[in-house]
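So this block is structure37.cif, mmCIF, C-alpha atoms:
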data_work
loop_
_atom_site.group_PDB
_atom_site.id
_atom_site.type_symbol
_atom_site.label_atom_id
_atom_site.label_comp_id
_atom_site.auth_asym_id
_atom_site.auth_seq_id
_atom_site.Cartn_x
_atom_site.Cartn_y
_atom_site.Cartn_z
ATOM 1 C CA MET A 1 4.768 -24.215 -52.954
ATOM 2 C CA THR A 2 5.831 -26.860 -50.470
ATOM 3 C CA ILE A 3 9.171 -26.402 -48.801
ATOM 4 C CA ILE A 4 10.652 -29.648 -47.545
ATOM 5 C CA SER A 5 13.011 -29.257 -44.619
ATOM 6 C CA ALA A 6 15.583 -31.975 -44.237
ATOM 7 C CA GLU A 7 16.108 -32.361 -40.519
ATOM 8 C CA VAL A 8 19.414 -33.624 -39.237
ATOM 9 C CA PRO A 9 18.973 -36.756 -37.103
ATOM 10 C CA ALA A 10 19.676 -36.377 -33.398
ATOM 11 C CA SER A 11 22.770 -38.550 -33.718
ATOM 12 C CA GLY A 12 24.051 -36.278 -36.505
ATOM 13 C CA ARG A 13 23.441 -33.143 -34.435
ATOM 14 C CA ALA A 14 25.302 -34.686 -31.525
ATOM 15 C CA ARG A 15 28.288 -35.544 -33.725
ATOM 16 C CA ARG A 16 28.288 -32.028 -35.159
ATOM 17 C CA ALA A 17 28.173 -30.477 -31.681
ATOM 18 C CA SER A 18 30.979 -32.772 -30.542
ATOM 19 C CA GLY A 19 33.022 -31.810 -33.576
ATOM 20 C CA LEU A 20 32.554 -28.099 -32.894
ATOM 21 C CA ARG A 21 33.634 -28.571 -29.288
ATOM 22 C CA SER A 22 36.727 -30.456 -30.426
ATOM 23 C CA GLU A 23 37.609 -27.732 -32.921
ATOM 24 C CA ALA A 24 37.184 -25.057 -30.248
ATOM 25 C CA THR A 25 39.416 -26.993 -27.855
ATOM 26 C CA ILE A 26 42.095 -27.388 -30.512
ATOM 27 C CA LEU A 27 41.957 -23.702 -31.467
ATOM 28 C CA GLN A 28 42.289 -22.654 -27.836
ATOM 29 C CA ALA A 29 45.290 -24.911 -27.280
ATOM 30 C CA ALA A 30 46.896 -23.886 -30.579
ATOM 31 C CA GLU A 31 46.422 -20.207 -29.740
ATOM 32 C CA ARG A 32 48.423 -20.685 -26.542
ATOM 33 C CA VAL A 33 51.199 -22.743 -28.151
ATOM 34 C CA PHE A 34 51.564 -20.439 -31.168
ATOM 35 C CA ALA A 35 51.765 -17.455 -28.800
ATOM 36 C CA GLU A 36 54.558 -19.089 -26.823
ATOM 37 C CA ARG A 37 56.485 -20.790 -29.634
ATOM 38 C CA GLY A 38 55.613 -18.890 -32.791
ATOM 39 C CA PHE A 39 54.546 -20.644 -35.971
ATOM 40 C CA LYS A 40 57.929 -22.199 -36.700
ATOM 41 C CA GLY A 41 58.606 -23.298 -33.140
ATOM 42 C CA ALA A 42 55.198 -24.854 -32.519
ATOM 43 C CA SER A 43 54.548 -28.494 -33.317
ATOM 44 C CA MET A 44 51.341 -30.407 -33.817
ATOM 45 C CA SER A 45 52.475 -32.837 -31.117
ATOM 46 C CA GLU A 46 52.797 -30.023 -28.593
ATOM 47 C CA ILE A 47 49.407 -28.601 -29.561
ATOM 48 C CA ALA A 48 47.819 -32.043 -29.282
ATOM 49 C CA ALA A 49 49.265 -32.423 -25.792
ATOM 50 C CA ALA A 50 47.958 -28.980 -24.794
ATOM 51 C CA ALA A 51 44.513 -29.934 -26.140
ATOM 52 C CA HIS A 52 44.653 -33.334 -24.381
ATOM 53 C CA MET A 53 43.876 -35.032 -27.681
ATOM 54 C CA PRO A 54 45.611 -37.556 -29.924
ATOM 55 C CA LYS A 55 47.659 -35.887 -32.637
ATOM 56 C CA PRO A 56 45.566 -37.500 -35.447
ATOM 57 C CA ASN A 57 42.561 -35.518 -34.173
ATOM 58 C CA LEU A 58 44.300 -32.283 -35.094
ATOM 59 C CA HIS A 59 45.010 -33.497 -38.603
ATOM 60 C CA TYR A 60 41.428 -34.747 -38.935
ATOM 61 C CA TYR A 61 39.952 -31.323 -38.174
ATOM 62 C CA PHE A 62 42.587 -28.996 -39.632
ATOM 63 C CA GLY A 63 44.863 -31.054 -41.882
ATOM 64 C CA THR A 64 48.201 -29.287 -41.457
ATOM 65 C CA LYS A 65 49.941 -26.983 -38.996
ATOM 66 C CA GLU A 66 49.656 -24.139 -41.492
ATOM 67 C CA ALA A 67 45.899 -24.681 -41.859
ATOM 68 C CA LEU A 68 45.512 -24.717 -38.081
ATOM 69 C CA TYR A 69 47.586 -21.539 -37.745
ATOM 70 C CA ARG A 70 45.456 -19.798 -40.350
ATOM 71 C CA ALA A 71 42.314 -20.939 -38.533
ATOM 72 C CA VAL A 72 43.639 -19.487 -35.271
ATOM 73 C CA LEU A 73 44.414 -16.145 -36.928
ATOM 74 C CA THR A 74 41.034 -16.047 -38.660
ATOM 75 C CA ASP A 75 39.239 -16.733 -35.385
ATOM 76 C CA ILE A 76 41.164 -13.945 -33.671
ATOM 77 C CA LEU A 77 40.519 -11.366 -36.367
ATOM 78 C CA GLU A 78 36.840 -12.194 -36.773
ATOM 79 C CA THR A 79 36.364 -11.944 -33.003
ATOM 80 C CA TRP A 80 38.039 -8.547 -32.842
ATOM 81 C CA LEU A 81 36.446 -7.078 -35.947
ATOM 82 C CA GLY A 82 32.995 -8.198 -34.928
ATOM 83 C CA GLU A 83 33.209 -5.827 -31.961
ATOM 84 C CA ALA A 84 33.019 -2.849 -34.334
ATOM 85 C CA ASP A 85 29.483 -3.746 -35.444
ATOM 86 C CA ALA A 86 28.142 -0.978 -33.191
ATOM 87 C CA PHE A 87 29.702 1.600 -35.523
ATOM 88 C CA VAL A 88 26.559 2.427 -37.510
ATOM 89 C CA PRO A 89 25.371 5.819 -38.837
ATOM 90 C CA ASP A 90 22.481 6.212 -36.401
ATOM 91 C CA GLY A 91 24.452 4.792 -33.468
ATOM 92 C CA ASP A 92 25.675 6.797 -30.503
ATOM 93 C CA PRO A 93 29.404 7.615 -30.890
ATOM 94 C CA ALA A 94 30.204 7.459 -27.172
ATOM 95 C CA GLN A 95 28.371 4.178 -26.683
ATOM 96 C CA ALA A 96 29.918 2.628 -29.792
ATOM 97 C CA LEU A 97 33.453 3.702 -28.922
ATOM 98 C CA GLY A 98 33.055 2.763 -25.267
ATOM 99 C CA SER A 99 31.663 -0.644 -26.130
ATOM 100 C CA TYR A 100 34.441 -1.283 -28.630
ATOM 101 C CA VAL A 101 37.233 -0.315 -26.224
ATOM 102 C CA ARG A 102 35.751 -2.341 -23.364
ATOM 103 C CA ALA A 103 35.401 -5.382 -25.616
ATOM 104 C CA LYS A 104 39.006 -5.104 -26.855
ATOM 105 C CA MET A 105 40.240 -4.708 -23.298
ATOM 106 C CA ARG A 106 38.199 -7.731 -22.239
ATOM 107 C CA TRP A 107 39.719 -9.857 -25.010
ATOM 108 C CA SER A 108 43.215 -8.720 -24.000
ATOM 109 C CA ARG A 109 42.505 -9.957 -20.482
ATOM 110 C CA GLU A 110 40.607 -13.139 -21.335
ATOM 111 C CA ARG A 111 42.606 -14.123 -24.431
ATOM 112 C CA PRO A 112 46.066 -12.561 -24.119
ATOM 113 C CA HIS A 113 47.578 -15.330 -26.237
ATOM 114 C CA ALA A 114 45.370 -14.267 -29.141
ATOM 115 C CA SER A 115 46.836 -10.777 -29.113
ATOM 116 C CA ARG A 116 50.367 -12.176 -28.943
ATOM 117 C CA VAL A 117 49.786 -14.549 -31.857
ATOM 118 C CA PHE A 118 48.593 -11.630 -33.957
ATOM 119 C CA ALA A 119 51.467 -9.386 -32.857
ATOM 120 C CA ASN A 120 54.050 -12.079 -33.660
ATOM 121 C CA GLU A 121 52.515 -12.635 -37.078
ATOM 122 C CA VAL A 122 52.664 -8.930 -37.924
ATOM 123 C CA LEU A 123 56.180 -8.500 -36.523
ATOM 124 C CA HIS A 124 57.341 -11.315 -38.793
ATOM 125 C CA GLY A 125 55.953 -9.635 -41.888
ATOM 126 C CA ALA A 126 52.346 -10.927 -41.822
ATOM 127 C CA LEU A 127 53.339 -13.780 -44.150
ATOM 128 C CA PHE A 128 50.052 -15.602 -43.630
ATOM 129 C CA ILE A 129 47.577 -12.741 -43.176
ATOM 130 C CA GLY A 130 49.107 -10.070 -45.408
ATOM 131 C CA PRO A 131 46.302 -10.327 -48.005
ATOM 132 C CA TYR A 132 43.677 -10.274 -45.240
ATOM 133 C CA LEU A 133 45.135 -7.070 -43.790
ATOM 134 C CA SER A 134 45.321 -5.269 -47.124
ATOM 135 C CA ASP A 135 41.891 -6.463 -48.275
ATOM 136 C CA ASP A 136 39.358 -7.427 -45.594
ATOM 137 C CA LEU A 137 40.769 -5.351 -42.736
ATOM 138 C CA ARG A 138 41.377 -2.314 -44.926
ATOM 139 C CA ARG A 139 37.838 -2.512 -46.319
ATOM 140 C CA ARG A 140 36.292 -2.794 -42.860
ATOM 141 C CA VAL A 141 38.315 0.119 -41.511
ATOM 142 C CA GLU A 142 37.217 2.221 -44.493
ATOM 143 C CA GLN A 143 33.574 1.269 -43.914
ATOM 144 C CA LYS A 144 33.657 2.114 -40.224
ATOM 145 C CA GLY A 145 35.732 5.200 -40.996
ATOM 146 C CA LYS A 146 32.908 6.533 -43.168
ATOM 147 C CA VAL A 147 30.554 6.113 -40.212
ATOM 148 C CA ILE A 148 32.925 8.094 -37.995
ATOM 149 C CA GLU A 149 33.225 10.804 -40.658
ATOM 150 C CA GLY A 150 29.424 11.024 -40.696
ATOM 151 C CA TRP A 151 29.380 11.503 -36.921
ATOM 152 C CA ILE A 152 31.981 14.260 -37.280
ATOM 153 C CA ARG A 153 30.040 16.062 -40.024
ATOM 154 C CA GLY A 154 26.952 15.895 -37.836
ATOM 155 C CA GLY A 155 28.801 17.592 -34.986
ATOM 156 C CA ARG A 156 28.456 14.493 -32.821
ATOM 157 C CA MET A 157 32.168 14.118 -32.059
ATOM 158 C CA ALA A 158 35.433 15.996 -32.521
ATOM 159 C CA ARG A 159 37.352 15.894 -35.785
ATOM 160 C CA VAL A 160 39.759 12.959 -35.888
ATOM 161 C CA ASP A 161 41.353 10.857 -38.598
ATOM 162 C CA PRO A 162 39.318 7.601 -38.425
ATOM 163 C CA ARG A 163 42.209 5.391 -39.476
ATOM 164 C CA ALA A 164 44.567 6.973 -36.944
ATOM 165 C CA LEU A 165 41.851 6.546 -34.317
ATOM 166 C CA PHE A 166 41.635 2.807 -34.976
ATOM 167 C CA PHE A 167 45.416 2.427 -34.745
ATOM 168 C CA MET A 168 45.423 4.251 -31.405
ATOM 169 C CA LEU A 169 42.540 2.196 -30.039
ATOM 170 C CA TRP A 170 44.278 -1.039 -31.055
ATOM 171 C CA ALA A 171 47.520 0.098 -29.416
ATOM 172 C CA MET A 172 45.815 1.204 -26.190
ATOM 173 C CA THR A 173 43.913 -2.046 -25.771
ATOM 174 C CA GLN A 174 46.304 -4.703 -27.035
ATOM 175 C CA THR A 175 49.348 -3.465 -25.110
ATOM 176 C CA TRP A 176 47.910 -4.964 -21.909
ATOM 177 C CA ALA A 177 48.288 -8.406 -23.446
ATOM 178 C CA ASP A 178 51.320 -7.954 -25.697
ATOM 179 C CA PHE A 179 53.426 -6.204 -23.047
ATOM 180 C CA ALA A 180 51.972 -7.752 -19.901
ATOM 181 C CA VAL A 181 55.471 -8.409 -18.522
ATOM 182 C CA GLN A 182 56.292 -4.694 -18.785
ATOM 183 C CA VAL A 183 52.933 -3.700 -17.284
ATOM 184 C CA HIS A 184 53.375 -6.010 -14.309
ATOM 185 C CA ALA A 185 56.989 -4.885 -13.766
ATOM 186 C CA VAL A 186 56.106 -1.178 -13.775
ATOM 187 C CA LEU A 187 53.078 -1.682 -11.530
ATOM 188 C CA GLY A 188 54.989 -4.028 -9.227
ATOM 189 C CA VAL A 189 52.442 -6.846 -9.383
ATOM 190 C CA ALA A 190 52.519 -10.455 -10.534
ATOM 191 C CA ASP A 191 49.145 -10.017 -12.200
ATOM 192 C CA LEU A 192 46.349 -7.457 -12.360
ATOM 193 C CA SER A 193 43.324 -8.175 -10.231
ATOM 194 C CA GLU A 194 39.924 -8.066 -11.899
ATOM 195 C CA ALA A 195 39.101 -4.850 -10.053
ATOM 196 C CA ALA A 196 42.383 -3.232 -11.145
ATOM 197 C CA TYR A 197 41.835 -4.284 -14.750
ATOM 198 C CA ASP A 198 38.292 -2.920 -14.700
ATOM 199 C CA ALA A 199 39.580 0.406 -13.376
ATOM 200 C CA ILE A 200 42.254 0.565 -16.084
ATOM 201 C CA THR A 201 39.656 -0.285 -18.715
ATOM 202 C CA GLU A 202 37.525 2.673 -17.660
ATOM 203 C CA GLU A 203 40.603 4.915 -17.766
ATOM 204 C CA VAL A 204 41.282 3.817 -21.339
ATOM 205 C CA VAL A 205 37.622 4.332 -22.291
ATOM 206 C CA ALA A 206 37.593 7.831 -20.758
ATOM 207 C CA PHE A 207 40.856 8.737 -22.504
ATOM 208 C CA ALA A 208 39.539 7.546 -25.878
ATOM 209 C CA LEU A 209 36.283 9.443 -25.469
ATOM 210 C CA ARG A 210 38.055 12.644 -24.439
ATOM 211 C CA GLY A 211 40.243 12.369 -27.522
ATOM 212 C CA CYS A 212 37.067 12.308 -29.592
ATOM 213 C CA GLY A 213 35.544 15.251 -27.748
ATOM 214 C CA LEU A 214 33.066 13.077 -25.879
ATOM 215 C CA ASP A 215 32.396 12.195 -22.280
ATOM 216 C CA ALA A 216 30.969 9.117 -20.602
ATOM 217 C CA ASP A 217 27.455 10.536 -20.926
ATOM 218 C CA GLY A 218 27.846 10.791 -24.686
ATOM 219 C CA ARG A 219 27.740 14.583 -24.830
ATOM 220 C CA PRO A 220 29.181 15.868 -28.120
ATOM 221 C CA PRO A 221 31.981 18.458 -28.304
ATOM 222 C CA ALA A 222 31.085 21.982 -27.286
ATOM 223 C CA THR A 223 30.524 24.363 -30.161
#

Is it possible to give me this structure as structure tokens?
Amino acid sequence: MTIISAEVPASGRARRASGLRSEATILQAAERVFAERGFKGASMSEIAAAAHMPKPNLHYYFGTKEALYRAVLTDILETWLGEADAFVPDGDPAQALGSYVRAKMRWSRERPHASRVFANEVLHGALFIGPYLSDDLRRRVEQKGKVIEGWIRGGRMARVDPRALFFMLWAMTQTWADFAVQVHAVLGVADLSEAAYDAITEEVVAFALRGCGLDADGRPPAT
């Protein structure tokens, strides 16, 4: 059997790469504007200005403000959920949990607007992502929860409710973005230095592991 591969011309690949870069730029700008203004308060004109692009470019790539907002939310959720891929039956619980917490903390530092967009959406009733939360997110939490239950049955970590664990991990990591004003006020700083944020991240990791009966070396709970 002969398999014919249709190669994309160099000019086509260049246009595709340019299009992907434009989409990424728009999503980044929209994420910031939606975080600051909310869905209703944001305008395509403001997002276009933040992206340093003509407004028609936004409509070309995303059509409407609602479509762009949904794309921003989808990008956020897929980024976050992808970090739980390390939760596999033969994986190491301490490594998986530590990696997940560090990744969520990193996203809260590098993309705080993403966390605020999500928080605003949920606080306003999850009008756009309600079905996603009750379908895709619920299914993924159940899948990863079964992995955690397997680790518990194998004596590899302390007994916890997997769903409650995920809620606590989300709260511990996203608060640094959602409530940054409160964090900075209590700590008496205008912003957290990279070193300070790294130290806090390790505190959160250690706290999460202790709650699961683990330590940084991955030792399971004493029997």

Review point. Counting all atoms listed in the file, what is within 12 Å of His184 in chain A, bar same-chain residues fewer than 6 positions away, as a list in words?
Key: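 After dropping sequence-adjacent residues, the list is Thr175, Trp176, Ala177, Asp178, Ala190, Asp191, Leu192, Ser193, Ala196 and Tyr197 of chain A.
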
Check your understanding: For the file shown, what are the residues hit by the PyMOL selection byres ((chain A and resi 61-69) around 8), laid out as a list in words?
Key -> Glu23, Leu27, Ala30, Phe34, Phe39, Ser43, Met44, Asn57, Leu58, His59, Tyr60, Arg70, Ala71, Val72 and Leu73 of chain A

Can you tell me, as a CSV table (one decimal) with C-alpha atoms, keeping the file's coordinate frame, what residues are no more than 10 Å from Lys144 in chain A when counting all atoms listed in the file, ignoring any on the same chain fewer than 3 positions away?
chain,number,residue,atom,x,y,z
A,84,ALA,CA,33.0,-2.8,-34.3
A,85,ASP,CA,29.5,-3.7,-35.4
A,86,ALA,CA,28.1,-1.0,-33.2
A,87,PHE,CA,29.7,1.6,-35.5
A,88,VAL,CA,26.6,2.4,-37.5
A,89,PRO,CA,25.4,5.8,-38.8
A,139,ARG,CA,37.8,-2.5,-46.3
A,140,ARG,CA,36.3,-2.8,-42.9
A,141,VAL,CA,38.3,0.1,-41.5
A,147,VAL,CA,30.6,6.1,-40.2
A,148,ILE,CA,32.9,8.1,-38.0
A,149,GLU,CA,33.2,10.8,-40.7
A,150,GLY,CA,29.4,11.0,-40.7
A,162,PRO,CA,39.3,7.6,-38.4
A,163,ARG,CA,42.2,5.4,-39.5
A,166,PHE,CA,41.6,2.8,-35.0

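For the atom pair formed by CA of Thr74 in chain A and CA of Tyr132 in chain A, the distance is 9.1 Å, given to one decimal.
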
Which residues of range 80-121 of chain A sit at most 12 Å from range 208-218 of chain A, using only C-alpha atoms? Give each one's shortest atom pair and distance in Å (one decimal place), in chain and ascending residue order, as JSON lines.
{"residue": "A:Gly91", "atom": "CA", "partner": "A:Gly218", "partner_atom": "CA", "distance": 11.2}
{"residue": "A:Asp92", "atom": "CA", "partner": "A:Gly218", "partner_atom": "CA", "distance": 7.4}
{"residue": "A:Pro93", "atom": "CA", "partner": "A:Gly218", "partner_atom": "CA", "distance": 7.1}
{"residue": "A:Ala94", "atom": "CA", "partner": "A:Gly218", "partner_atom": "CA", "distance": 4.8}
{"residue": "A:Gln95", "atom": "CA", "partner": "A:Gly218", "partner_atom": "CA", "distance": 6.9}
{"residue": "A:Ala96", "atom": "CA", "partner": "A:Gly218", "partner_atom": "CA", "distance": 9.8}
{"residue": "A:Leu97", "atom": "CA", "partner": "A:Leu209", "partner_atom": "CA", "distance": 7.3}
{"residue": "A:Gly98", "atom": "CA", "partner": "A:Leu209", "partner_atom": "CA", "distance": 7.4}
{"residue": "A:Ser99", "atom": "CA", "partner": "A:Leu209", "partner_atom": "CA", "distance": 11.1}
{"residue": "A:Tyr100", "atom": "CA", "partner": "A:Ala208", "partner_atom": "CA", "distance": 10.6}
{"residue": "A:Val101", "atom": "CA", "partner": "A:Ala208", "partner_atom": "CA", "distance": 8.2}
{"residue": "A:Arg102", "atom": "CA", "partner": "A:Ala208", "partner_atom": "CA", "distance": 10.9}

Practice item. Grab the CA of Gly125 in chain A to CA of Thr173 in chain A distance for me, in Å with one decimal place. Key: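 Computing the Euclidean distance for CA of Gly125 in chain A and CA of Thr173 in chain A yields 21.5 Å.
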
Return as AutoDock Vina command-line options the centre and edge lengths, in Å with one decimal, of the box along x, y and z that encloses every atom of range 120-123 of chain A in the file, padded by 4 Å per side.
--center_x 54.3 --center_y -10.6 --center_z -35.8 --size_x 11.7 --size_y 12.1 --size_z 12.3

Exercise for review: Could you state which residues are captured by the PyMOL selection byres ((chain A and resi 50) around 9) in this file, as a list in words?
Suggested key: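 So the PyMOL selection byres ((chain A and resi 50) around 9) ends up selecting Ile26, Ala29, Ala30, Arg32, Val33, Ser45, Glu46, Ile47, Ala48, Ala49, Ala51, His52 and Met53 of chain A.
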
Write the selection just made, keeping C-alpha atoms, as a PDB file, keeping the file's coordinate frame?
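Below you can see selection09.pdb, which holds the result:
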ATOM      1  CA  ILE A  26      42.095 -27.388 -30.512  1.00  0.00           C
ATOM      2  CA  ALA A  29      45.290 -24.911 -27.280  1.00  0.00           C
ATOM      3  CA  ALA A  30      46.896 -23.886 -30.579  1.00  0.00           C
ATOM      4  CA  ARG A  32      48.423 -20.685 -26.542  1.00  0.00           C
ATOM      5  CA  VAL A  33      51.199 -22.743 -28.151  1.00  0.00           C
ATOM      6  CA  SER A  45      52.475 -32.837 -31.117  1.00  0.00           C
ATOM      7  CA  GLU A  46      52.797 -30.023 -28.593  1.00  0.00           C
ATOM      8  CA  ILE A  47      49.407 -28.601 -29.561  1.00  0.00           C
ATOM      9  CA  ALA A  48      47.819 -32.043 -29.282  1.00  0.00           C
ATOM     10  CA  ALA A  49      49.265 -32.423 -25.792  1.00  0.00           C
ATOM     11  CA  ALA A  51      44.513 -29.934 -26.140  1.00  0.00           C
ATOM     12  CA  HIS A  52      44.653 -33.334 -24.381  1.00  0.00           C
ATOM     13  CA  MET A  53      43.876 -35.032 -27.681  1.00  0.00           C
TER      14      MET A  53
END

Practice item. Rounded to one decimal place, report the CA of Arg111 in chain A-CA of Asp161 in chain A distance in Å. Key: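 Distance between the two atoms: 28.7 Å.
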
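Candidate residues A:Trp80, A:Asp75, A:Gln182, A:Glu142 were compared for distance to Leu165 in chain A, and the nearest is A:Glu142, using all atoms listed in the file.
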
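Each of A:Leu81, A:Leu20, A:Val204, A:Ala42 was checked against Met168 in chain A using only C-alpha atoms; the smallest atom-to-atom distance is that of A:Val204.
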
Review point. Which residue gives the smallest distance to Gly38 in chain A among A:Thr79, A:Ser22, A:Ser108, A:Asn120, with all atoms listed in the file counted?
Key: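 That would be A:Asn120, the residue with the smallest distance to Gly38 in chain A.
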